[in-house]
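With compact mmCIF, C-alpha atoms inside, this is model-v1.txt:
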# COMPACT_ATOMS: atom_id res chain seq x y z
CA MET Q 1 -0.59 -62.46 -35.48
CA PRO Q 2 -2.22 -59.77 -37.67
CA LEU Q 3 -0.17 -57.87 -40.23
CA PRO Q 4 -0.67 -54.44 -38.56
CA LEU Q 5 1.39 -55.65 -35.59
CA TYR Q 6 4.37 -56.23 -37.86
CA LEU Q 7 3.91 -52.79 -39.42
CA LEU Q 8 4.08 -51.28 -35.94
CA ALA Q 9 7.22 -53.33 -35.29
CA VAL Q 10 8.87 -51.71 -38.35
CA ALA Q 11 8.36 -48.29 -36.77
CA VAL Q 12 9.68 -49.57 -33.43
CA PHE Q 13 12.75 -50.85 -35.29
CA ALA Q 14 13.50 -47.37 -36.69
CA MET Q 15 12.94 -45.69 -33.35
CA GLY Q 16 14.82 -48.34 -31.39
CA THR Q 17 17.81 -47.91 -33.68
CA SER Q 18 17.84 -44.21 -32.86
CA GLU Q 19 17.58 -44.85 -29.12
CA PHE Q 20 20.72 -46.99 -29.02
CA MET Q 21 22.78 -45.73 -31.97
CA LEU Q 22 24.61 -42.92 -30.16
CA ALA Q 23 26.87 -45.36 -28.32
CA GLY Q 24 29.03 -45.65 -31.43
CA LEU Q 25 28.67 -42.05 -32.63
CA LEU Q 26 29.54 -39.87 -29.64
CA PRO Q 27 33.25 -39.30 -30.48
CA ASN Q 28 32.42 -38.22 -34.05
CA ILE Q 29 29.63 -35.91 -32.88
CA ALA Q 30 31.94 -34.37 -30.26
CA SER Q 31 34.66 -33.70 -32.84
CA ASP Q 32 32.28 -32.28 -35.45
CA LEU Q 33 30.40 -29.96 -33.07
CA ASP Q 34 33.48 -28.99 -31.05
CA VAL Q 35 32.30 -30.27 -27.66
CA THR Q 36 33.69 -32.89 -25.31
CA VAL Q 37 32.70 -36.54 -25.42
CA GLY Q 38 31.35 -36.13 -21.90
CA THR Q 39 29.09 -33.34 -23.08
CA THR Q 40 27.80 -35.39 -25.99
CA GLY Q 41 26.91 -38.09 -23.48
CA MET Q 42 24.14 -35.73 -22.35
CA LEU Q 43 22.36 -36.59 -25.59
CA THR Q 44 21.76 -40.12 -24.27
CA SER Q 45 20.50 -38.83 -20.93
CA ALA Q 46 18.21 -36.34 -22.65
CA PHE Q 47 16.67 -39.11 -24.75
CA ALA Q 48 16.09 -41.34 -21.72
CA ILE Q 49 14.48 -38.54 -19.70
CA GLY Q 50 12.31 -37.63 -22.68
CA MET Q 51 11.14 -41.25 -22.88
CA ILE Q 52 10.24 -41.40 -19.19
CA VAL Q 53 8.36 -38.11 -19.16
CA GLY Q 54 6.93 -38.54 -22.63
CA ALA Q 55 5.22 -41.90 -22.13
CA PRO Q 56 2.40 -40.76 -19.81
CA LEU Q 57 2.37 -37.20 -21.15
CA MET Q 58 2.02 -38.09 -24.82
CA ALA Q 59 -0.39 -40.95 -24.14
CA GLY Q 60 -2.59 -38.58 -22.15
CA LEU Q 61 -2.55 -35.96 -24.90
CA ALA Q 62 -3.33 -38.55 -27.57
CA ARG Q 63 -6.35 -40.03 -25.77
CA ASN Q 64 -8.78 -37.96 -27.85
CA TRP Q 65 -7.09 -38.67 -31.18
CA PRO Q 66 -7.83 -41.68 -33.40
CA GLY Q 67 -5.23 -44.38 -32.81
CA ARG Q 68 -3.95 -44.40 -36.38
CA SER Q 69 -3.63 -40.59 -36.47
CA SER Q 70 -1.70 -40.63 -33.20
CA LEU Q 71 0.75 -43.25 -34.43
CA LEU Q 72 1.27 -41.48 -37.75
CA GLY Q 73 1.77 -38.11 -36.07
CA PHE Q 74 4.39 -39.46 -33.69
CA VAL Q 75 6.31 -41.13 -36.54
CA LEU Q 76 6.33 -37.92 -38.61
CA VAL Q 77 7.52 -35.81 -35.66
CA PHE Q 78 10.22 -38.39 -34.96
CA MET Q 79 11.33 -38.26 -38.60
CA ALA Q 80 11.39 -34.45 -38.62
CA ALA Q 81 13.52 -34.39 -35.47
CA HIS Q 82 16.13 -36.55 -37.18
CA VAL Q 83 16.12 -34.45 -40.32
CA VAL Q 84 16.82 -31.33 -38.24
CA GLY Q 85 19.41 -33.22 -36.17
CA ALA Q 86 21.22 -34.39 -39.30
CA ALA Q 87 21.35 -30.86 -40.72
CA THR Q 88 22.27 -28.82 -37.66
CA SER Q 89 25.74 -27.64 -36.69
CA SER Q 90 24.58 -26.53 -33.22
CA PHE Q 91 24.88 -28.84 -30.24
CA PRO Q 92 21.98 -27.20 -28.33
CA VAL Q 93 19.72 -27.69 -31.36
CA LEU Q 94 20.83 -31.33 -31.59
CA MET Q 95 20.02 -31.71 -27.90
CA VAL Q 96 16.51 -30.35 -28.48
CA THR Q 97 15.97 -32.75 -31.39
CA ARG Q 98 16.88 -35.69 -29.15
CA VAL Q 99 14.31 -34.62 -26.56
CA VAL Q 100 11.64 -34.15 -29.25
CA ALA Q 101 12.49 -37.52 -30.80
CA ALA Q 102 12.26 -39.18 -27.38
CA LEU Q 103 8.87 -37.63 -26.69
CA ALA Q 104 7.61 -38.84 -30.08
CA TYR Q 105 9.02 -42.34 -29.55
CA ALA Q 106 7.54 -42.55 -26.05
CA GLY Q 107 4.15 -41.45 -27.32
CA PHE Q 108 4.31 -43.87 -30.24
CA LEU Q 109 5.32 -46.83 -28.08
CA ALA Q 110 2.66 -46.07 -25.46
CA VAL Q 111 -0.10 -45.86 -28.08
CA ALA Q 112 1.30 -48.84 -30.03
CA LEU Q 113 1.29 -51.07 -26.94
CA THR Q 114 -2.33 -50.15 -26.29
CA THR Q 115 -3.29 -50.50 -29.95
CA ALA Q 116 -1.62 -53.90 -30.17
CA THR Q 117 -3.92 -55.28 -27.49
CA THR Q 118 -6.98 -54.29 -29.56
CA LEU Q 119 -5.71 -56.25 -32.56
CA VAL Q 120 -5.65 -59.63 -30.80
CA SER Q 121 -7.88 -61.58 -28.44
CA PRO Q 122 -7.58 -60.68 -24.73
CA ASP Q 123 -5.51 -63.79 -23.93
CA LYS Q 124 -2.78 -63.02 -26.49
CA LYS Q 125 -1.35 -59.77 -25.16
CA GLY Q 126 2.00 -61.40 -24.51
CA ARG Q 127 2.36 -62.62 -28.08
CA ALA Q 128 1.34 -59.21 -29.42
CA LEU Q 129 3.90 -57.54 -27.18
CA ALA Q 130 6.57 -60.00 -28.38
CA VAL Q 131 5.93 -58.99 -32.01
CA LEU Q 132 6.09 -55.31 -31.11
CA LEU Q 133 9.27 -55.64 -29.06
CA SER Q 134 10.86 -57.66 -31.84
CA GLY Q 135 11.36 -54.29 -33.53
CA THR Q 136 13.60 -53.26 -30.63
CA THR Q 137 15.54 -56.51 -30.62
CA VAL Q 138 16.07 -56.42 -34.38
CA ALA Q 139 17.31 -52.85 -33.93
CA THR Q 140 19.91 -54.21 -31.52
CA VAL Q 141 20.87 -57.00 -33.93
CA ALA Q 142 21.03 -55.00 -37.16
CA GLY Q 143 20.14 -51.35 -36.70
CA VAL Q 144 22.62 -50.35 -34.01
CA PRO Q 145 25.72 -52.08 -35.46
CA GLY Q 146 24.66 -50.96 -38.94
CA GLY Q 147 24.18 -47.39 -37.78
CA SER Q 148 27.56 -47.41 -36.07
CA MET Q 149 29.23 -48.70 -39.25
CA LEU Q 150 27.41 -46.15 -41.39
CA GLY Q 151 28.57 -43.38 -39.07
CA THR Q 152 32.15 -44.62 -39.23
CA LEU Q 153 32.15 -44.72 -43.03
CA PHE Q 154 30.15 -41.60 -43.88
CA GLY Q 155 29.92 -39.54 -40.68
CA TRP Q 156 27.38 -39.45 -37.87
CA ARG Q 157 24.92 -37.36 -39.90
CA ALA Q 158 24.45 -40.24 -42.35
CA THR Q 159 23.08 -42.37 -39.53
CA PHE Q 160 20.54 -39.68 -38.62
CA TRP Q 161 19.46 -39.44 -42.28
CA ALA Q 162 19.13 -43.22 -42.45
CA VAL Q 163 16.84 -43.32 -39.40
CA ALA Q 164 14.71 -40.55 -40.92
CA ALA Q 165 14.45 -42.57 -44.14
CA LEU Q 166 13.35 -45.67 -42.20
CA CYS Q 167 10.39 -43.70 -40.89
CA LEU Q 168 8.89 -43.38 -44.39
CA PRO Q 169 7.93 -47.05 -44.89
CA ALA Q 170 6.79 -47.15 -41.26
CA ALA Q 171 4.46 -44.19 -41.88
CA ILE Q 172 3.10 -45.73 -45.07
CA GLY Q 173 2.54 -49.02 -43.27
CA ILE Q 174 0.56 -47.29 -40.53
CA VAL Q 175 -1.67 -45.50 -43.05
CA LYS Q 176 -2.27 -48.64 -45.12
CA GLY Q 177 -2.40 -51.29 -42.44
CA ILE Q 178 -3.64 -49.98 -39.09
CA PRO Q 179 -7.44 -50.23 -38.78
CA THR Q 180 -9.40 -47.47 -37.05
CA ARG Q 181 -12.67 -49.11 -36.17
CA ARG Q 182 -11.44 -51.39 -33.40
CA VAL Q 183 -9.41 -48.60 -31.78
CA GLN Q 184 -12.38 -46.24 -31.96
CA LYS Q 185 -14.60 -48.90 -30.39
CA VAL Q 186 -12.24 -49.01 -27.42
CA ALA Q 187 -12.20 -45.21 -27.23
CA ALA Q 188 -16.00 -45.03 -27.12
CA GLY Q 189 -16.24 -46.98 -23.87
CA ARG Q 190 -13.03 -45.94 -22.18
CA PRO Q 191 -12.93 -44.61 -18.60
CA ALA Q 192 -12.03 -41.05 -17.67
CA LEU Q 193 -8.36 -40.08 -17.53
CA ARG Q 194 -8.58 -39.56 -13.77
CA SER Q 195 -9.84 -43.12 -13.37
CA GLU Q 196 -7.00 -44.47 -15.51
CA LEU Q 197 -4.38 -42.52 -13.55
CA ALA Q 198 -5.90 -43.82 -10.32
CA GLN Q 199 -4.76 -47.30 -11.33
CA LEU Q 200 -1.26 -46.21 -10.31
CA LYS Q 201 -2.43 -46.36 -6.70
CA ARG Q 202 -2.79 -50.12 -6.96
CA PRO Q 203 0.16 -51.79 -5.17
CA ARG Q 204 0.15 -54.82 -7.49
CA LEU Q 205 0.55 -52.68 -10.62
CA LEU Q 206 3.31 -50.61 -9.00
CA LEU Q 207 5.10 -53.77 -7.88
CA ILE Q 208 5.21 -55.25 -11.35
CA MET Q 209 6.26 -51.91 -12.87
CA LEU Q 210 9.08 -51.76 -10.30
CA LEU Q 211 10.25 -55.28 -11.09
CA GLY Q 212 10.14 -54.60 -14.83
CA ALA Q 213 12.19 -51.43 -14.30
CA MET Q 214 14.76 -53.28 -12.18
CA VAL Q 215 15.24 -56.09 -14.70
CA ASN Q 216 15.59 -53.54 -17.50
CA ALA Q 217 18.04 -51.56 -15.37
CA ALA Q 218 20.15 -54.71 -15.04
CA THR Q 219 19.98 -55.23 -18.80
CA PHE Q 220 21.18 -51.74 -19.66
CA ALA Q 221 23.74 -51.61 -16.86
CA GLY Q 222 25.63 -54.51 -18.43
CA LEU Q 223 24.90 -53.71 -22.08
CA THR Q 224 25.91 -50.04 -21.95
CA PHE Q 225 29.45 -50.82 -20.78
CA LEU Q 226 29.96 -54.05 -22.70
CA ALA Q 227 32.46 -52.53 -25.17
CA PRO Q 228 35.43 -52.19 -22.76
CA VAL Q 229 34.80 -55.73 -21.50
CA VAL Q 230 35.11 -57.03 -25.06
CA THR Q 231 38.24 -55.06 -25.96
CA ASP Q 232 40.11 -54.73 -22.66
CA THR Q 233 39.13 -57.74 -20.56
CA ALA Q 234 38.67 -60.28 -23.36
CA GLY Q 235 41.43 -58.70 -25.46
CA LEU Q 236 39.41 -58.72 -28.69
CA GLY Q 237 39.57 -56.10 -31.45
CA GLU Q 238 37.04 -53.30 -31.83
CA LEU Q 239 35.22 -55.19 -34.56
CA TRP Q 240 34.17 -57.73 -31.95
CA ILE Q 241 32.15 -55.07 -30.15
CA SER Q 242 29.65 -55.16 -33.01
CA VAL Q 243 29.73 -58.95 -32.94
CA ALA Q 244 28.91 -58.95 -29.22
CA LEU Q 245 26.06 -56.46 -29.76
CA VAL Q 246 24.65 -58.60 -32.55
CA LEU Q 247 24.81 -61.69 -30.34
CA PHE Q 248 23.07 -59.87 -27.50
CA GLY Q 249 20.40 -58.67 -29.93
CA ALA Q 250 19.94 -62.13 -31.41
CA GLY Q 251 19.52 -63.55 -27.92
CA SER Q 252 17.04 -60.79 -27.13
CA PHE Q 253 14.98 -61.66 -30.20
CA ALA Q 254 14.97 -65.35 -29.26
CA GLY Q 255 14.08 -64.60 -25.65
CA VAL Q 256 11.21 -62.23 -26.35
CA THR Q 257 9.82 -64.57 -29.03
CA VAL Q 258 9.80 -67.65 -26.81
CA ALA Q 259 8.54 -65.80 -23.75
CA GLY Q 260 5.83 -64.16 -25.83
CA ARG Q 261 4.26 -67.58 -26.34
CA LEU Q 262 4.36 -68.35 -22.62
CA SER Q 263 3.78 -65.06 -20.82
CA ASP Q 264 0.00 -64.96 -21.37
CA GLN Q 265 -0.91 -68.32 -19.85
CA HIS Q 266 2.26 -69.43 -18.05
CA PRO Q 267 4.16 -66.37 -16.76
CA GLY Q 268 5.02 -68.16 -13.50
CA PRO Q 269 7.48 -70.66 -14.98
CA VAL Q 270 9.13 -67.96 -17.10
CA ILE Q 271 9.75 -65.84 -14.01
CA ALA Q 272 10.62 -68.74 -11.71
CA VAL Q 273 13.17 -70.22 -14.12
CA GLY Q 274 14.36 -67.13 -15.99
CA GLY Q 275 14.90 -64.95 -12.91
CA PRO Q 276 17.47 -67.15 -11.11
CA LEU Q 277 19.23 -68.00 -14.38
CA LEU Q 278 19.52 -64.32 -15.25
CA PHE Q 279 20.92 -63.61 -11.79
CA ILE Q 280 23.55 -66.37 -12.15
CA GLY Q 281 24.43 -65.31 -15.68
CA TRP Q 282 25.70 -61.81 -14.91
CA PRO Q 283 28.34 -62.84 -12.34
CA ALA Q 284 29.27 -65.78 -14.61
CA LEU Q 285 29.83 -63.30 -17.42
CA ALA Q 286 32.07 -61.22 -15.15
CA VAL Q 287 34.11 -64.23 -14.03
CA LEU Q 288 34.54 -65.65 -17.54
CA ALA Q 289 34.93 -62.34 -19.39
CA ASP Q 290 38.61 -62.98 -20.10
CA LYS Q 291 37.70 -66.08 -22.12
CA PRO Q 292 36.36 -64.81 -25.50
CA ALA Q 293 34.34 -67.91 -26.39
CA ALA Q 294 32.61 -68.00 -23.01
CA LEU Q 295 32.06 -64.23 -23.12
CA LEU Q 296 30.32 -64.29 -26.49
CA ALA Q 297 28.20 -67.32 -25.59
CA LEU Q 298 27.05 -65.75 -22.33
CA VAL Q 299 26.29 -62.44 -24.04
CA PHE Q 300 23.78 -64.32 -26.23
CA VAL Q 301 22.31 -66.14 -23.23
CA GLN Q 302 21.98 -62.97 -21.15
CA GLY Q 303 20.27 -61.20 -24.03
CA ALA Q 304 17.74 -64.03 -24.26
CA LEU Q 305 17.09 -64.22 -20.51
CA SER Q 306 16.94 -60.44 -20.06
CA PHE Q 307 14.27 -59.93 -22.68
CA ALA Q 308 12.36 -63.09 -21.81
CA LEU Q 309 12.03 -61.99 -18.19
CA GLY Q 310 11.67 -58.28 -18.92
CA GLY Q 311 9.12 -58.88 -21.68
CA THR Q 312 7.06 -61.14 -19.42
CA LEU Q 313 6.98 -58.53 -16.66
CA ILE Q 314 5.95 -55.79 -19.09
CA THR Q 315 3.16 -58.07 -20.34
CA ARG Q 316 2.00 -58.36 -16.72
CA VAL Q 317 1.90 -54.54 -16.57
CA LEU Q 318 -0.52 -54.52 -19.51
CA TYR Q 319 -2.72 -57.11 -17.80
CA GLU Q 320 -2.63 -55.33 -14.45
CA ALA Q 321 -3.49 -52.01 -16.10
CA ALA Q 322 -6.41 -53.47 -18.06
CA ALA Q 323 -8.71 -50.91 -16.41
CA ALA Q 324 -6.60 -48.13 -17.96
CA PRO Q 325 -6.94 -49.00 -21.66
CA THR Q 326 -5.38 -45.80 -23.07
CA MET Q 327 -2.64 -45.42 -20.44
CA ALA Q 328 -1.53 -49.04 -19.94
CA GLY Q 329 1.03 -48.74 -22.70
CA ALA Q 330 2.38 -45.57 -21.12
CA TYR Q 331 2.87 -47.32 -17.79
CA ALA Q 332 4.72 -50.18 -19.49
CA THR Q 333 6.86 -47.73 -21.49
CA ALA Q 334 7.71 -45.71 -18.39
CA ALA Q 335 8.77 -48.84 -16.51
CA LEU Q 336 11.04 -49.90 -19.36
CA ASN Q 337 12.71 -46.52 -19.63
CA VAL Q 338 13.15 -45.85 -15.94
CA GLY Q 339 15.25 -48.99 -15.99
CA ALA Q 340 17.09 -47.91 -19.14
CA ALA Q 341 17.97 -44.57 -17.54
CA VAL Q 342 18.85 -45.76 -14.02
CA GLY Q 343 20.80 -48.90 -14.93
CA PRO Q 344 23.72 -47.18 -16.70
CA LEU Q 345 23.95 -44.59 -13.91
CA ILE Q 346 24.31 -47.32 -11.29
CA ALA Q 347 26.77 -49.21 -13.47
CA ALA Q 348 28.90 -46.10 -14.03
CA THR Q 349 29.54 -45.79 -10.28
CA THR Q 350 31.27 -49.18 -10.30
CA LEU Q 351 33.83 -48.32 -12.95
CA GLY Q 352 36.09 -46.57 -10.45
CA THR Q 353 36.07 -49.49 -8.03
CA ALA Q 354 38.40 -52.48 -7.89
CA ALA Q 355 36.03 -54.32 -10.24
CA GLY Q 356 36.93 -51.91 -13.05
CA ASN Q 357 35.37 -52.79 -16.42
CA LEU Q 358 33.59 -55.75 -14.85
CA GLY Q 359 31.80 -53.58 -12.28
CA PRO Q 360 28.70 -53.05 -14.45
CA LEU Q 361 28.27 -56.81 -14.86
CA TRP Q 362 28.34 -57.30 -11.09
CA ALA Q 363 25.91 -54.38 -10.76
CA SER Q 364 23.54 -56.11 -13.18
CA GLY Q 365 23.64 -59.26 -11.09
CA LEU Q 366 22.93 -57.28 -7.93
CA LEU Q 367 19.94 -55.54 -9.52
CA VAL Q 368 18.44 -58.87 -10.57
CA LEU Q 369 19.07 -60.29 -7.08
CA VAL Q 370 17.22 -57.38 -5.46
CA ALA Q 371 14.35 -57.87 -7.90
CA LEU Q 372 14.17 -61.58 -7.01
CA LEU Q 373 14.20 -60.82 -3.28
CA VAL Q 374 11.33 -58.38 -3.74
CA ALA Q 375 9.39 -60.73 -6.01
CA PHE Q 376 9.78 -64.01 -4.11
CA PRO Q 377 7.30 -63.34 -1.27
CA LEU Q 378 4.77 -62.08 -3.83
CA ARG Q 379 5.39 -64.59 -6.60
CA GLY Q 380 1.79 -65.76 -6.68
CA VAL Q 381 0.54 -62.23 -7.31
CA ILE Q 382 3.07 -61.54 -10.04
CA ALA Q 383 2.41 -64.79 -11.87
CA ALA Q 384 -1.37 -64.36 -12.13
CA GLY Q 385 -1.93 -66.03 -15.46
CA ARG Q 386 -4.91 -64.79 -17.41
CA SER Q 387 -6.20 -61.34 -18.14
CA SER Q 388 -9.52 -62.23 -16.54
CA GLU Q 389 -7.75 -63.02 -13.30
CA VAL Q 390 -6.04 -59.66 -13.34
CA VAL Q 391 -9.15 -57.64 -13.97
CA GLN Q 392 -11.16 -59.31 -11.24
If you convert what's in this file into structure tokens, what do you get?
Amino acid sequence: MPLPLYLLAVAVFAMGTSEFMLAGLLPNIASDLDVTVGTTGMLTSAFAIGMIVGAPLMAGLARNWPGRSSLLGFVLVFMAAHVVGAATSSFPVLMVTRVVAALAYAGFLAVALTTATTLVSPDKKGRALAVLLSGTTVATVAGVPGGSMLGTLFGWRATFWAVAALCLPAAIGIVKGIPTRRVQKVAAGRPALRSELAQLKRPRLLLIMLLGAMVNAATFAGLTFLAPVVTDTAGLGELWISVALVLFGAGSFAGVTVAGRLSDQHPGPVIAVGGPLLFIGWPALAVLADKPAALLALVFVQGALSFALGGTLITRVLYEAAAAPTMAGAYATAALNVGAAVGPLIAATTLGTAAGNLGPLWASGLLVLVALLVAFPLRGVIAAGRSSEVVQ
């Protein structure tokens, strides 16, 4: 894989850390800005909504900009939003910075996904996507626990400053490493925006976007509420929350790496094997959650399966949207973040039921089951292997 892909992954690491870091910072933010923890939770919702809206909006606005300039601009706006967020003492201003940061991240990821496909041969989109998404998985492994620890030791503002600082090497890497000629060549022959948006009328593209969103919803339903399972159900100390997050992130990295080598030519087996295993894994995690060793092992496995299956489906989105070269990344980004926004909302409704802390894990299993029921009759369509088959 070319070096520019890894430079893009560095930026995704910084931005992915910001997306997930608030889970460990909300109580400190609430205390410092004199608002309730429930109110600070709106910061997470604002970021998710910004990602959903921002993906197609920012990708559309950036169509007429050179790819490298777009990527650099989004990184600089993202960095500026965190500088303002770290310095402000106003909750409304902090809320605005989260929306701005989400819009910048969504635009960056949409353009980066499209740019990544121009850096490799047409049959290696899955591997390119795996490299790019490795930034997100490494953020889960190192960035999120590290950010939470930094916030605990030095206050939540230190984490915001750290994310802003991470954007500097990412920006330099984009300037030094991202070529312009190949992106410009794509831009010269691209279809009109209306034609690219019309791709959303294609049932096959919408189906795969839906499945990707559902699998991601299952991932975030279980992951968002993992902390009380670790401390209350398994009876482990708070330190083990970070351990569980690291294990989930390590599994995610393994899953997206392995699937990235298979999703281009052999997506069918990944979906056929990974889907049922992922479905079985969530209820198994709920049943065995009171056994710490089993809990931690299954957290790793579910991270691997979630990102293997989710990454494969998002790769299919890029193939299916091949006729929308500047918007394909936006469609993939939107699918990912619809799932990230909806999953925790569904999971939250189960907390007041008899299932208690384990409710989100059962919800994750149900979401995967529904996805499998939708996908099974159309498995041949979803598993279309090569990019040439998709375009035809």
message: From the options Q:Ala324, Q:Ala289, Q:Ala375, Q:Val12, which residue's atoms come nearest to Leu210 (chain Q), counting all atoms listed in the file?
response: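 Ranked by minimum distance to Leu210 (chain Q), first place goes to Q:Ala375.
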Using only C-alpha atoms, what table do you get, as CSV, when you list each residue of region 143-237 of chain Q with an atom no more than 12 Å from region 96-107 of chain Q, its nearest pair of atoms, and their distance in Å rounded to one decimal, rows by chain then rising number?
residue,atom,partner,partner_atom,distance
Q:Phe160,CA,Q:Arg98,CA,10.9
Q:Val163,CA,Q:Ala101,CA,11.2
Q:Ala164,CA,Q:Ala101,CA,10.8
Q:Cys167,CA,Q:Tyr105,CA,11.5
Can I get the selected residues back with C-alpha atoms, as a compact mmCIF listing (two decimals), in the coordinates of the input?
# COMPACT_ATOMS: atom_id res chain seq x y z
CA PHE Q 160 20.54 -39.68 -38.62
CA VAL Q 163 16.84 -43.32 -39.40
CA ALA Q 164 14.71 -40.55 -40.92
CA CYS Q 167 10.39 -43.70 -40.89
field: Two-atom distance - CA of Pro191 (chain Q), CA of Glu320 (chain Q) (Å)
entry: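 Separation between CA of Pro191 (chain Q) and CA of Glu320 (chain Q): 15.4 Å.
For the pair CA of Met327 (chain Q) and CA of Met79 (chain Q), the interatomic distance is 24.0 Å.
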- prompt: Got a sec to check which residues sit within 9 Å of (24.1, -59.3, -9.6), counting all atoms listed in the file, and write them as a list in words?
  reply: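 Those within range, by chain then number, are Ala218, Leu278, Phe279, Ile280, Gly281, Trp282, Pro283, Leu361, Trp362, Ala363, Ser364, Gly365, Leu366, Leu367, Val368, Leu369 and Val370 of chain Q.
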message: Using all atoms listed in the file for the distances, tell me which of Q:Lys291, Q:Gly173, Q:Leu3, Q:Phe78 is nearest to Thr231 (chain Q).
response: Q:Lys291
Near region 339-351 of chain Q, counting only C-alpha atoms, which residues have an atom at most 8 Å away, once you skip same-chain residues fewer than 4 positions from it, shown as a PDB file with C-alpha atoms, in the coordinates of the input?
ATOM      1  CA  SER Q  45      20.500 -38.830 -20.930  1.00  0.00           C
ATOM      2  CA  ALA Q  48      16.090 -41.340 -21.720  1.00  0.00           C
ATOM      3  CA  ILE Q  49      14.480 -38.540 -19.700  1.00  0.00           C
ATOM      4  CA  GLY Q 212      10.140 -54.600 -14.830  1.00  0.00           C
ATOM      5  CA  ALA Q 213      12.190 -51.430 -14.300  1.00  0.00           C
ATOM      6  CA  MET Q 214      14.760 -53.280 -12.180  1.00  0.00           C
ATOM      7  CA  VAL Q 215      15.240 -56.090 -14.700  1.00  0.00           C
ATOM      8  CA  ASN Q 216      15.590 -53.540 -17.500  1.00  0.00           C
ATOM      9  CA  ALA Q 217      18.040 -51.560 -15.370  1.00  0.00           C
ATOM     10  CA  ALA Q 218      20.150 -54.710 -15.040  1.00  0.00           C
ATOM     11  CA  THR Q 219      19.980 -55.230 -18.800  1.00  0.00           C
ATOM     12  CA  PHE Q 220      21.180 -51.740 -19.660  1.00  0.00           C
ATOM     13  CA  ALA Q 221      23.740 -51.610 -16.860  1.00  0.00           C
ATOM     14  CA  GLY Q 222      25.630 -54.510 -18.430  1.00  0.00           C
ATOM     15  CA  THR Q 224      25.910 -50.040 -21.950  1.00  0.00           C
ATOM     16  CA  PHE Q 225      29.450 -50.820 -20.780  1.00  0.00           C
ATOM     17  CA  ALA Q 335       8.770 -48.840 -16.510  1.00  0.00           C
ATOM     18  CA  ALA Q 355      36.030 -54.320 -10.240  1.00  0.00           C
ATOM     19  CA  GLY Q 356      36.930 -51.910 -13.050  1.00  0.00           C
ATOM     20  CA  ASN Q 357      35.370 -52.790 -16.420  1.00  0.00           C
ATOM     21  CA  LEU Q 358      33.590 -55.750 -14.850  1.00  0.00           C
ATOM     22  CA  GLY Q 359      31.800 -53.580 -12.280  1.00  0.00           C
ATOM     23  CA  PRO Q 360      28.700 -53.050 -14.450  1.00  0.00           C
ATOM     24  CA  LEU Q 361      28.270 -56.810 -14.860  1.00  0.00           C
ATOM     25  CA  ALA Q 363      25.910 -54.380 -10.760  1.00  0.00           C
ATOM     26  CA  SER Q 364      23.540 -56.110 -13.180  1.00  0.00           C
TER      27      SER Q 364
END
field: Selection: 8 Å around Pro292 (chain Q), all atoms listed in the file, excl. self and same-chain fewer than 2 positions, as a list in words
entry: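 Answer for this query is Val230, Ala234, Gly235, Leu236, Ala289, Asp290, Ala294, Leu295 and Leu296 of chain Q.
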query: What is the distance between CA of Leu132 (chain Q) and CA of Leu313 (chain Q), in Å to one decimal?
result: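 Result for CA of Leu132 (chain Q) versus CA of Leu313 (chain Q): 14.8 Å, one decimal.
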